[in-house]
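Shown here: work-v1.tsv, TSV, C-alpha atoms and all ligand atoms.
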```
chain	number	residue	atom	x	y	z
M	1	MET	CA	68.72	167.03	-65.80
M	2	THR	CA	72.39	167.85	-65.38
M	3	ALA	CA	74.02	164.47	-65.94
M	4	GLN	CA	75.60	163.39	-69.17
M	5	ILE	CA	74.13	160.10	-70.42
M	6	ILE	CA	76.74	157.39	-70.81
M	7	ASP	CA	75.80	155.70	-74.08
M	8	GLY	CA	76.57	152.01	-73.66
M	9	LYS	CA	75.14	151.12	-77.05
M	10	THR	CA	77.64	153.29	-78.91
M	11	ALA	CA	80.55	152.16	-76.72
M	12	ALA	CA	79.57	148.51	-77.23
M	13	ALA	CA	79.27	148.96	-81.01
M	14	ALA	CA	82.78	150.45	-81.10
M	15	LEU	CA	84.15	147.55	-79.03
M	16	ARG	CA	82.40	144.98	-81.25
M	17	ALA	CA	83.88	146.67	-84.32
M	18	ARG	CA	87.41	146.47	-82.83
M	19	VAL	CA	86.83	142.81	-81.99
M	20	GLY	CA	85.58	142.18	-85.54
M	21	THR	CA	88.71	143.70	-87.09
M	22	LEU	CA	90.98	141.64	-84.83
M	23	ALA	CA	88.96	138.46	-85.42
M	24	ALA	CA	89.47	138.93	-89.18
M	25	GLN	CA	93.19	139.36	-88.56
M	26	PHE	CA	93.16	136.19	-86.42
M	27	LEU	CA	91.52	134.29	-89.29
M	28	ALA	CA	94.19	135.57	-91.69
M	29	ASP	CA	96.97	134.57	-89.24
M	30	THR	CA	95.70	131.14	-88.19
M	31	GLY	CA	93.26	129.98	-90.87
M	32	ARG	CA	90.40	129.68	-88.39
M	33	ARG	CA	87.92	131.92	-86.63
M	34	PRO	CA	87.81	132.37	-82.84
M	35	GLY	CA	85.03	130.11	-81.51
M	36	LEU	CA	82.55	130.56	-78.67
M	37	ALA	CA	80.44	127.67	-77.38
M	38	VAL	CA	77.28	128.53	-75.45
M	39	VAL	CA	75.45	125.87	-73.46
M	40	LEU	CA	71.77	126.29	-72.66
M	41	VAL	CA	70.10	123.78	-70.35
M	42	GLY	CA	66.29	123.78	-70.23
M	43	ASP	CA	63.95	126.31	-71.79
M	44	ASP	CA	63.90	129.38	-69.56
M	45	PRO	CA	62.64	132.04	-72.00
M	46	ALA	CA	64.92	134.84	-70.74
M	47	SER	CA	67.99	132.58	-70.99
M	48	ALA	CA	66.96	131.52	-74.50
M	49	VAL	CA	66.80	135.19	-75.55
M	50	TYR	CA	70.27	135.87	-74.07
M	51	VAL	CA	71.76	132.82	-75.78
M	52	ARG	CA	70.26	133.80	-79.15
M	53	SER	CA	71.61	137.34	-78.94
M	54	LYS	CA	75.05	136.10	-77.88
M	55	GLY	CA	75.09	133.72	-80.89
M	56	LYS	CA	74.08	136.50	-83.29
M	57	ALA	CA	76.69	138.93	-81.93
M	58	THR	CA	79.39	136.24	-82.13
M	59	VAL	CA	78.71	135.56	-85.81
M	60	ALA	CA	78.41	139.29	-86.57
M	61	ALA	CA	81.92	139.79	-85.14
M	62	GLY	CA	83.29	137.18	-87.55
M	63	MET	CA	83.60	134.41	-84.97
M	64	GLU	CA	82.28	130.87	-84.88
M	65	SER	CA	79.25	130.27	-82.63
M	66	PHE	CA	78.54	126.78	-81.32
M	67	GLU	CA	75.19	126.44	-79.58
M	68	HIS	CA	74.50	123.39	-77.42
M	69	ARG	CA	71.07	122.74	-75.95
M	70	LEU	CA	70.28	120.16	-73.33
M	71	PRO	CA	66.79	119.42	-71.99
M	72	ALA	CA	65.83	120.57	-68.48
M	73	THR	CA	65.89	116.88	-67.52
M	74	ALA	CA	69.63	116.58	-68.37
M	75	SER	CA	71.72	115.06	-65.59
M	76	GLN	CA	74.77	116.61	-63.98
M	77	SER	CA	76.99	113.99	-65.61
M	78	GLU	CA	75.59	114.69	-69.09
M	79	LEU	CA	76.32	118.38	-68.63
M	80	ILE	CA	79.81	117.68	-67.30
M	81	ALA	CA	80.45	115.35	-70.25
M	82	LEU	CA	79.48	118.15	-72.66
M	83	VAL	CA	81.83	120.59	-70.90
M	84	ASP	CA	84.62	118.01	-71.15
M	85	ARG	CA	84.03	117.66	-74.91
M	86	LEU	CA	84.14	121.44	-75.36
M	87	ASN	CA	87.30	121.67	-73.23
M	88	ALA	CA	88.96	119.18	-75.60
M	89	ASP	CA	87.66	120.77	-78.83
M	90	ASP	CA	90.36	122.86	-80.52
M	91	ALA	CA	87.82	124.93	-82.45
M	92	VAL	CA	86.35	126.18	-79.16
M	93	ASP	CA	88.20	129.09	-77.52
M	94	GLY	CA	85.50	130.16	-75.10
M	95	ILE	CA	82.85	128.22	-73.17
M	96	LEU	CA	79.84	129.82	-71.55
M	97	VAL	CA	77.23	127.89	-69.61
M	98	GLN	CA	74.11	130.05	-69.40
M	99	LEU	CA	72.96	130.53	-65.80
M	100	PRO	CA	70.78	129.91	-63.91
M	101	LEU	CA	70.73	126.14	-64.43
M	102	PRO	CA	67.49	124.21	-63.81
M	103	MET	CA	66.90	122.97	-60.26
M	104	GLY	CA	68.96	119.95	-59.30
M	105	LEU	CA	72.05	120.89	-61.32
M	106	ASP	CA	75.15	122.12	-59.48
M	107	ALA	CA	76.32	125.31	-61.23
M	108	ASP	CA	79.51	125.60	-59.15
M	109	ALA	CA	80.66	122.12	-60.14
M	110	VAL	CA	79.98	122.88	-63.82
M	111	ILE	CA	81.87	126.19	-63.70
M	112	GLN	CA	84.81	124.49	-62.00
M	113	ARG	CA	84.89	121.90	-64.77
M	114	ILE	CA	85.43	124.52	-67.53
M	115	ASP	CA	89.05	124.84	-68.62
M	116	PRO	CA	90.07	128.16	-66.96
M	117	ASP	CA	91.74	129.22	-70.21
M	118	LYS	CA	88.37	128.88	-72.00
M	119	ASP	CA	86.36	130.42	-69.15
M	120	VAL	CA	85.38	133.62	-70.99
M	121	ASP	CA	82.73	134.40	-68.36
M	122	GLY	CA	85.52	134.63	-65.78
M	123	PHE	CA	83.54	132.71	-63.15
M	124	HIS	CA	86.05	129.87	-62.52
M	125	PRO	CA	87.74	130.21	-59.10
M	126	MET	CA	91.10	130.20	-60.92
M	127	ASN	CA	90.11	133.36	-62.80
M	128	ALA	CA	88.62	134.94	-59.67
M	129	GLY	CA	91.99	134.25	-58.00
M	130	ARG	CA	93.93	135.65	-60.95
M	131	LEU	CA	91.86	138.84	-60.79
M	132	ALA	CA	92.33	139.11	-57.02
M	133	THR	CA	96.11	138.75	-57.35
M	134	GLY	CA	96.57	140.90	-60.45
M	135	LEU	CA	97.44	138.07	-62.86
M	136	HIS	CA	96.16	137.80	-66.43
M	137	GLY	CA	92.95	135.82	-66.53
M	138	PHE	CA	89.39	136.38	-67.63
M	139	VAL	CA	87.35	139.09	-65.94
M	140	PRO	CA	83.55	138.69	-65.75
M	141	CYS	CA	81.97	140.55	-68.66
M	142	THR	CA	79.58	142.89	-66.83
M	143	PRO	CA	82.11	144.49	-64.45
M	144	LEU	CA	84.67	144.63	-67.27
M	145	GLY	CA	82.13	146.56	-69.36
M	146	CYS	CA	81.46	148.91	-66.41
M	147	LEU	CA	85.18	149.59	-66.05
M	148	MET	CA	85.48	150.41	-69.76
M	149	LEU	CA	82.58	152.88	-69.52
M	150	LEU	CA	84.19	154.49	-66.46
M	151	ARG	CA	87.56	154.82	-68.21
M	152	ASP	CA	85.90	156.28	-71.31
M	153	ARG	CA	84.22	158.89	-69.18
M	154	LEU	CA	86.85	159.65	-66.51
M	155	GLY	CA	90.20	158.54	-67.92
M	156	ASP	CA	92.56	157.84	-65.02
M	157	LEU	CA	90.53	156.62	-62.03
M	158	SER	CA	93.33	156.69	-59.49
M	159	GLY	CA	92.52	158.19	-56.11
M	160	LEU	CA	88.78	158.38	-56.76
M	161	ASP	CA	86.33	157.18	-54.10
M	162	ALA	CA	84.19	154.33	-55.45
M	163	VAL	CA	81.23	152.62	-53.82
M	164	VAL	CA	80.10	149.29	-55.27
M	165	ILE	CA	76.65	148.29	-54.05
M	166	GLY	CA	76.37	144.49	-54.15
M	167	ARG	CA	78.89	141.74	-53.43
M	168	SER	CA	77.93	138.97	-55.88
M	169	ASN	CA	80.64	136.86	-57.49
M	170	ILE	CA	79.35	137.89	-60.91
M	171	VAL	CA	79.26	141.67	-60.51
M	172	GLY	CA	80.02	143.26	-57.12
M	173	LYS	CA	83.20	141.44	-56.07
M	174	PRO	CA	84.99	141.51	-59.45
M	175	MET	CA	83.92	145.16	-59.91
M	176	ALA	CA	85.52	146.06	-56.58
M	177	ALA	CA	88.69	144.16	-57.56
M	178	LEU	CA	88.91	146.02	-60.89
M	179	LEU	CA	88.42	149.41	-59.24
M	180	THR	CA	91.05	148.55	-56.62
M	181	GLN	CA	93.44	147.63	-59.44
M	182	ALA	CA	92.62	150.99	-61.04
M	183	SER	CA	93.75	152.63	-57.76
M	184	CYS	CA	90.35	153.78	-56.54
M	185	THR	CA	89.54	153.80	-52.84
M	186	VAL	CA	86.81	151.17	-52.83
M	187	THR	CA	83.91	150.53	-50.49
M	188	ILE	CA	81.72	147.46	-50.99
M	189	ALA	CA	78.20	148.00	-49.68
M	190	HIS	CA	75.77	145.10	-49.32
M	191	SER	CA	72.55	143.99	-47.65
M	192	ARG	CA	74.05	144.43	-44.15
M	193	THR	CA	75.60	147.84	-44.73
M	194	HIS	CA	74.56	150.49	-42.21
M	195	ASN	CA	73.70	153.92	-43.52
M	196	LEU	CA	74.36	153.54	-47.25
M	197	PRO	CA	73.66	157.27	-47.94
M	198	HIS	CA	76.58	158.13	-45.64
M	199	HIS	CA	78.95	156.06	-47.84
M	200	LEU	CA	77.49	157.39	-51.09
M	201	ALA	CA	77.89	161.00	-49.97
M	202	ARG	CA	81.62	160.86	-50.76
M	203	ALA	CA	81.51	158.50	-53.77
M	204	ASP	CA	82.93	159.90	-57.01
M	205	ILE	CA	81.91	156.60	-58.63
M	206	VAL	CA	78.81	154.56	-57.79
M	207	VAL	CA	78.24	151.10	-59.25
M	208	ALA	CA	74.81	149.75	-58.33
M	209	ALA	CA	74.31	145.96	-58.65
M	210	VAL	CA	71.55	145.25	-56.17
M	211	GLY	CA	68.62	143.81	-58.11
M	212	ILE	CA	66.01	146.11	-56.51
M	213	PRO	CA	64.21	148.56	-58.83
M	214	ARG	CA	65.18	152.22	-58.27
M	215	PHE	CA	66.82	151.31	-54.96
M	216	VAL	CA	69.42	154.12	-55.00
M	217	HIS	CA	67.75	157.50	-54.36
M	218	GLY	CA	68.89	160.46	-56.38
M	219	GLY	CA	69.41	162.45	-53.18
M	220	TRP	CA	72.10	160.00	-52.00
M	221	ILE	CA	74.37	160.78	-54.97
M	222	LYS	CA	77.28	163.19	-54.56
M	223	PRO	CA	76.95	166.12	-56.98
M	224	GLY	CA	78.98	165.42	-60.12
M	225	ALA	CA	79.47	161.69	-59.41
M	226	THR	CA	79.56	159.07	-62.17
M	227	VAL	CA	76.79	156.50	-61.71
M	228	ILE	CA	76.87	153.06	-63.33
M	229	ASP	CA	73.57	151.23	-63.02
M	230	VAL	CA	73.97	147.48	-63.53
M	231	GLY	CA	70.42	146.59	-62.49
M	232	ILE	CA	67.97	145.06	-64.93
M	233	ASN	CA	64.56	144.81	-63.29
M	234	ARG	CA	61.33	143.99	-65.09
M	235	THR	CA	58.50	146.09	-63.61
M	236	ASP	CA	55.01	147.17	-64.67
M	237	ASP	CA	56.66	150.34	-66.07
M	238	GLY	CA	59.05	148.23	-68.17
M	239	LEU	CA	62.76	147.65	-67.64
M	240	VAL	CA	64.29	149.79	-64.87
M	241	GLY	CA	67.65	149.90	-63.16
M	242	ASP	CA	68.71	149.82	-59.51
M	243	VAL	CA	68.99	153.63	-59.48
M	244	ASP	CA	66.21	156.22	-59.46
M	245	PHE	CA	67.27	157.53	-62.87
M	246	GLU	CA	65.40	160.85	-62.89
M	247	GLY	CA	66.48	161.76	-59.36
M	248	ALA	CA	70.11	160.74	-59.88
M	249	ALA	CA	70.37	162.37	-63.32
M	250	SER	CA	69.54	165.75	-61.79
M	251	ILE	CA	72.59	165.64	-59.53
M	252	ALA	CA	75.16	163.23	-61.01
M	253	GLY	CA	77.82	164.25	-63.53
M	254	ALA	CA	77.13	161.21	-65.70
M	255	ILE	CA	74.86	158.18	-65.55
M	256	THR	CA	74.13	155.02	-67.53
M	257	PRO	CA	70.53	154.54	-68.68
M	258	VAL	CA	68.63	151.24	-68.38
M	259	PRO	CA	68.32	149.86	-70.96
M	260	GLY	CA	71.16	151.06	-73.20
M	261	GLY	CA	73.90	151.41	-70.60
M	262	VAL	CA	75.76	148.47	-69.08
M	263	GLY	CA	73.71	145.74	-70.82
M	264	PRO	CA	75.14	146.14	-74.35
M	265	MET	CA	78.70	146.22	-72.95
M	266	THR	CA	78.27	142.78	-71.37
M	267	ILE	CA	77.92	140.93	-74.69
M	268	ALA	CA	80.64	143.05	-76.33
M	269	CYS	CA	83.01	142.08	-73.47
M	270	LEU	CA	82.12	138.42	-73.95
M	271	LEU	CA	83.28	138.72	-77.57
M	272	ARG	CA	86.38	140.54	-76.41
M	273	ASN	CA	87.20	137.79	-73.90
M	274	THR	CA	86.69	135.13	-76.58
M	275	LEU	CA	89.08	136.94	-78.92
M	276	VAL	CA	91.66	137.17	-76.12
M	277	ALA	CA	91.21	133.44	-75.33
M	278	ALA	CA	91.75	132.56	-79.00
M	279	HIS	CA	94.97	134.59	-79.15
M	280	ARG	CA	96.33	133.08	-75.94
M	281	ARG	CA	95.50	129.54	-77.06
M	282	ALA	CA	97.18	130.18	-80.43
M	283	GLY	CA	100.26	131.65	-78.73
M	284	LEU	CA	99.63	135.04	-80.39
M	285	VAL	CA	100.17	138.34	-78.65
M	286	LEU	CA	97.31	140.81	-78.58
M	287	ALA	CA	98.54	144.31	-77.78
M	288	ALA	CA	96.91	145.45	-74.53
M	289	ASP	CA	95.79	148.72	-76.07
M	290	ALA	CA	94.37	147.05	-79.20
M	291	ILE	CA	91.16	146.24	-77.44
F	1	LIG	P1	72.71	139.25	-56.59
F	1	LIG	O1	71.30	139.06	-56.18
F	1	LIG	O2	73.61	138.06	-56.71
F	1	LIG	O3	73.42	140.29	-55.62
F	1	LIG	C1	72.75	141.42	-55.14
F	1	LIG	C2	73.61	142.10	-54.12
F	1	LIG	O4	72.91	143.21	-53.62
F	1	LIG	C3	73.97	141.21	-52.93
F	1	LIG	O5	75.36	141.12	-52.83
F	1	LIG	C4	73.37	141.93	-51.73
F	1	LIG	O6	74.24	141.95	-50.60
F	1	LIG	C5	73.16	143.34	-52.25
F	1	LIG	N1	71.99	143.93	-51.58
F	1	LIG	C6	70.77	143.41	-51.43
F	1	LIG	N2	69.98	144.24	-50.72
F	1	LIG	C7	70.74	145.31	-50.41
F	1	LIG	C8	70.51	146.50	-49.68
F	1	LIG	N3	69.33	146.74	-49.12
F	1	LIG	N4	71.52	147.39	-49.57
F	1	LIG	C9	72.70	147.17	-50.15
F	1	LIG	N5	72.98	146.04	-50.85
F	1	LIG	C10	72.01	145.12	-50.99
F	1	LIG	O7	72.63	140.05	-57.99
F	1	LIG	P2	73.71	140.24	-59.17
F	1	LIG	O8	73.81	138.99	-59.97
F	1	LIG	O9	74.94	140.87	-58.66
F	1	LIG	O10	72.91	141.29	-60.06
F	1	LIG	C11	72.56	142.56	-59.58
F	1	LIG	C12	71.69	143.29	-60.59
F	1	LIG	O11	72.42	143.42	-61.81
F	1	LIG	C13	70.41	142.56	-60.99
F	1	LIG	O12	69.41	143.52	-61.26
F	1	LIG	C14	70.78	141.84	-62.27
F	1	LIG	O13	69.66	141.62	-63.11
F	1	LIG	C15	71.71	142.84	-62.88
F	1	LIG	N6	72.70	142.27	-63.81
F	1	LIG	C16	72.86	142.92	-65.00
F	1	LIG	C17	73.80	142.47	-65.91
F	1	LIG	C18	73.97	143.22	-67.20
F	1	LIG	O14	74.46	142.71	-68.17
F	1	LIG	N7	73.63	144.51	-67.22
F	1	LIG	C19	74.57	141.35	-65.64
F	1	LIG	C20	74.43	140.73	-64.39
F	1	LIG	C21	73.48	141.20	-63.48
```
Go through the file and emit its structure as structure tokens.
Amino acid sequence: MTAQIIDGKTAAAALRARVGTLAAQFLADTGRRPGLAVVLVGDDPASAVYVRSKGKATVAAGMESFEHRLPATASQSELIALVDRLNADDAVDGILVQLPLPMGLDADAVIQRIDPDKDVDGFHPMNAGRLATGLHGFVPCTPLGCLMLLRDRLGDLSGLDAVVIGRSNIVGKPMAALLTQASCTVTIAHSRTHNLPHHLARADIVVAAVGIPRFVHGGWIKPGATVIDVGINRTDDGLVGDVDFEGAASIAGAITPVPGGVGPMTIACLLRNTLVAAHRRAGLVLAADAI
């Protein structure tokens, strides 16, 4: 193996510690803790695990966690009414509705109902638009975490060739927007892309967000490239990413493992976004390089 392993756990712990320090300062300045409300509808076991770990991490960072559970039979209007209450609640700085929602509920309508200034997941079209136009908003947590790992590893990204595999609203599109803002030359590959290996052959940065286990062959990677594997796939061999880790690690310069790479950064970035939301709502300035 030649690649350096990008340790997302350590990077996430450092980010959570910075958030914790600033949350304590926020409490001293305002007399209250930043607050994150998480809404879970139904009893999907994976979603329940995510919600529990988000709640724990929120409290550990010195923030207030508000957990709201609705039954799978909840109606669209009940869910919208809950979002409205959270929008109006001054103790709530960030609102996250855990996806996917049970069948019959319209996730887009719910996301659009969240106050964009409390939309710490960054999924509201207003925040997607802010990201696309270079305005301050909230950036989805997973691509934000990927960008932080890339900056830690590479420093200035300008001029680098980046290929993002996947064009979802949650990962691929915002990732491409962030890399464009960082002055990379960005290619977005997707299910209709012809000859993916041809594109990857010149990629200094590869971000794989496909959802297919070990989809990216090691032989497609440019020697020395930095590979960020967003995939989380449950297989008979356990959790694996979208990249053939062994193959890619023998040729890349650096690579994230699965688990222990991008995953831990996602929750840390959620805490970061909540802290930023709290500061903006309180009219306090948070130095850009503080976090
Ligand atoms: P998605 O299903 O919404 O999008 C997958 C994308 O892959 C699509 O845009 C599609 O065009 C592209 N694709 C499909 N087949 C392809 C092919 N043959 N060649 C090239 N592109 C192809 O998935 P998503 O929500 O973006 O998630 C992607 C992966 O990331 C999943 O494994 C998911 O579990 C994982 N994920 C991880 C985190 C985390 O915190 N680490 C967060 C979100 C998603």
(request) Give as a ChimeraX atom specification the set of residues within 12 Å of the point (93.5, 149.2, -78.7), where distances use the file's coordinates and only C-alpha atoms. (result) /M:14-15,17-19,21-22,272,286-291
(request) May I have the residues within 6 Å of ligand LIG 1 (chain F), computed using only C-alpha atoms and all ligand atoms, as a list in words? (result)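 Checking only C-alpha atoms and all ligand atoms against ligand LIG 1 (chain F) at 6 Å gives Thr142, Ile165, Gly166, Arg167, Ser168, Ile170, Val171, Gly172, Ala189, His190, Ser191, Ala209, Val210, Gly211, Val230, Gly231, Ile232, Asn233, Val262, Gly263 and Thr266 of chain M.
Counting only C-alpha atoms and comparing M:Leu101, M:Leu239, M:Ala88, M:Cys269, the residue that lies closest to Thr73 of chain M is M:Leu101.
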(request) Select, from M:Arg280, M:Pro140, M:Arg151, M:Phe245, the residue with the minimum atom-to-atom distance to Pro34 of chain M, counting all atoms listed in the file. (result)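 Under the stated criterion, the closest residue is M:Arg280.
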(request) Give the answer as one residue: which of M:Pro174, M:Pro71, M:Gly94, M:Gly159 has the shortest atom-to-atom distance to Val207 of chain M, using all atoms listed in the file? (result)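 Smallest distance to Val207 of chain M is found for M:Pro174.
Proximity to Ala268 of chain M was assessed for M:Lys54, M:Arg32, M:Lys118, M:Arg153 counting all atoms listed in the file; the smallest distance is recorded for M:Lys54.
Coordinates place atom CA of Val51 of chain M at a distance of 15.1 Å from atom CA of Thr274 of chain M.
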(request) Compare M:Ser47, M:Gly104, M:Thr58, M:Pro143 by their minimum atom-to-atom distance to Ser75 of chain M, counting all atoms listed in the file, and give me the closest one. (result) M:Gly104
(message) Would you compute the distance between atom CA of Gly283 of chain M and atom CA of Asp117 of chain M? Give it in Å to one decimal.
(response)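 Going from atom CA of Gly283 of chain M over to atom CA of Asp117 of chain M, I get 12.3 Å.
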(message) Can you measure atom CA of Asp152 of chain M to atom CA of Ala11 of chain M for me? One decimal in Å is fine.
(response)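 Going from atom CA of Asp152 of chain M over to atom CA of Ala11 of chain M covers 8.7 Å.
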(request) Check the smallest atom-to-atom distance from each of M:Phe215, M:Tyr50, M:Trp220, M:Phe26 to Ala277 of chain M using only C-alpha atoms, then report the winner. (result)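 For Ala277 of chain M, the nearest of the candidates is M:Phe26.
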All residues 12 Å or closer to segment 126-129 of chain M, all atoms listed in the file, same chain fewer than 4 positions away omitted, as a CSV table (one decimal) with C-alpha atoms, in the frame of the given file:
```csv
chain,number,residue,atom,x,y,z
M,111,ILE,CA,81.9,126.2,-63.7
M,112,GLN,CA,84.8,124.5,-62.0
M,113,ARG,CA,84.9,121.9,-64.8
M,114,ILE,CA,85.4,124.5,-67.5
M,115,ASP,CA,89.0,124.8,-68.6
M,116,PRO,CA,90.1,128.2,-67.0
M,117,ASP,CA,91.7,129.2,-70.2
M,118,LYS,CA,88.4,128.9,-72.0
M,119,ASP,CA,86.4,130.4,-69.2
M,120,VAL,CA,85.4,133.6,-71.0
M,121,ASP,CA,82.7,134.4,-68.4
M,122,GLY,CA,85.5,134.6,-65.8
M,133,THR,CA,96.1,138.8,-57.4
M,134,GLY,CA,96.6,140.9,-60.4
M,135,LEU,CA,97.4,138.1,-62.9
M,136,HIS,CA,96.2,137.8,-66.4
M,137,GLY,CA,93.0,135.8,-66.5
M,138,PHE,CA,89.4,136.4,-67.6
M,139,VAL,CA,87.4,139.1,-65.9
M,140,PRO,CA,83.6,138.7,-65.8
M,169,ASN,CA,80.6,136.9,-57.5
M,170,ILE,CA,79.4,137.9,-60.9
M,171,VAL,CA,79.3,141.7,-60.5
M,173,LYS,CA,83.2,141.4,-56.1
M,174,PRO,CA,85.0,141.5,-59.4
M,175,MET,CA,83.9,145.2,-59.9
M,176,ALA,CA,85.5,146.1,-56.6
M,177,ALA,CA,88.7,144.2,-57.6
M,178,LEU,CA,88.9,146.0,-60.9
```
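The list of residues with at least one atom within 12 Å of Gln4 of chain M, based on only C-alpha atoms and without residues fewer than 2 positions apart in the same chain, reads Met1, Thr2, Ile6, Asp7, Arg153, Gly224, Ala225, Thr226, Val227, Ile228, Phe245, Ala248, Ala249, Ser250, Ile251, Ala252, Gly253, Ala254, Ile255, Thr256 and Pro257 of chain M.
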Generate the output file for the selected residues, C-alpha atoms, as a PDB file, in the coordinates of the input.
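Heads up, here's the output in selection.pdb:
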```pdb
ATOM      1  CA  MET M   1      68.720 167.030 -65.800  1.00  0.00           C
ATOM      2  CA  THR M   2      72.390 167.850 -65.380  1.00  0.00           C
ATOM      3  CA  ILE M   6      76.740 157.390 -70.810  1.00  0.00           C
ATOM      4  CA  ASP M   7      75.800 155.700 -74.080  1.00  0.00           C
ATOM      5  CA  ARG M 153      84.220 158.890 -69.180  1.00  0.00           C
ATOM      6  CA  GLY M 224      78.980 165.420 -60.120  1.00  0.00           C
ATOM      7  CA  ALA M 225      79.470 161.690 -59.410  1.00  0.00           C
ATOM      8  CA  THR M 226      79.560 159.070 -62.170  1.00  0.00           C
ATOM      9  CA  VAL M 227      76.790 156.500 -61.710  1.00  0.00           C
ATOM     10  CA  ILE M 228      76.870 153.060 -63.330  1.00  0.00           C
ATOM     11  CA  PHE M 245      67.270 157.530 -62.870  1.00  0.00           C
ATOM     12  CA  ALA M 248      70.110 160.740 -59.880  1.00  0.00           C
ATOM     13  CA  ALA M 249      70.370 162.370 -63.320  1.00  0.00           C
ATOM     14  CA  SER M 250      69.540 165.750 -61.790  1.00  0.00           C
ATOM     15  CA  ILE M 251      72.590 165.640 -59.530  1.00  0.00           C
ATOM     16  CA  ALA M 252      75.160 163.230 -61.010  1.00  0.00           C
ATOM     17  CA  GLY M 253      77.820 164.250 -63.530  1.00  0.00           C
ATOM     18  CA  ALA M 254      77.130 161.210 -65.700  1.00  0.00           C
ATOM     19  CA  ILE M 255      74.860 158.180 -65.550  1.00  0.00           C
ATOM     20  CA  THR M 256      74.130 155.020 -67.530  1.00  0.00           C
ATOM     21  CA  PRO M 257      70.530 154.540 -68.680  1.00  0.00           C
TER      22      PRO M 257
END
```
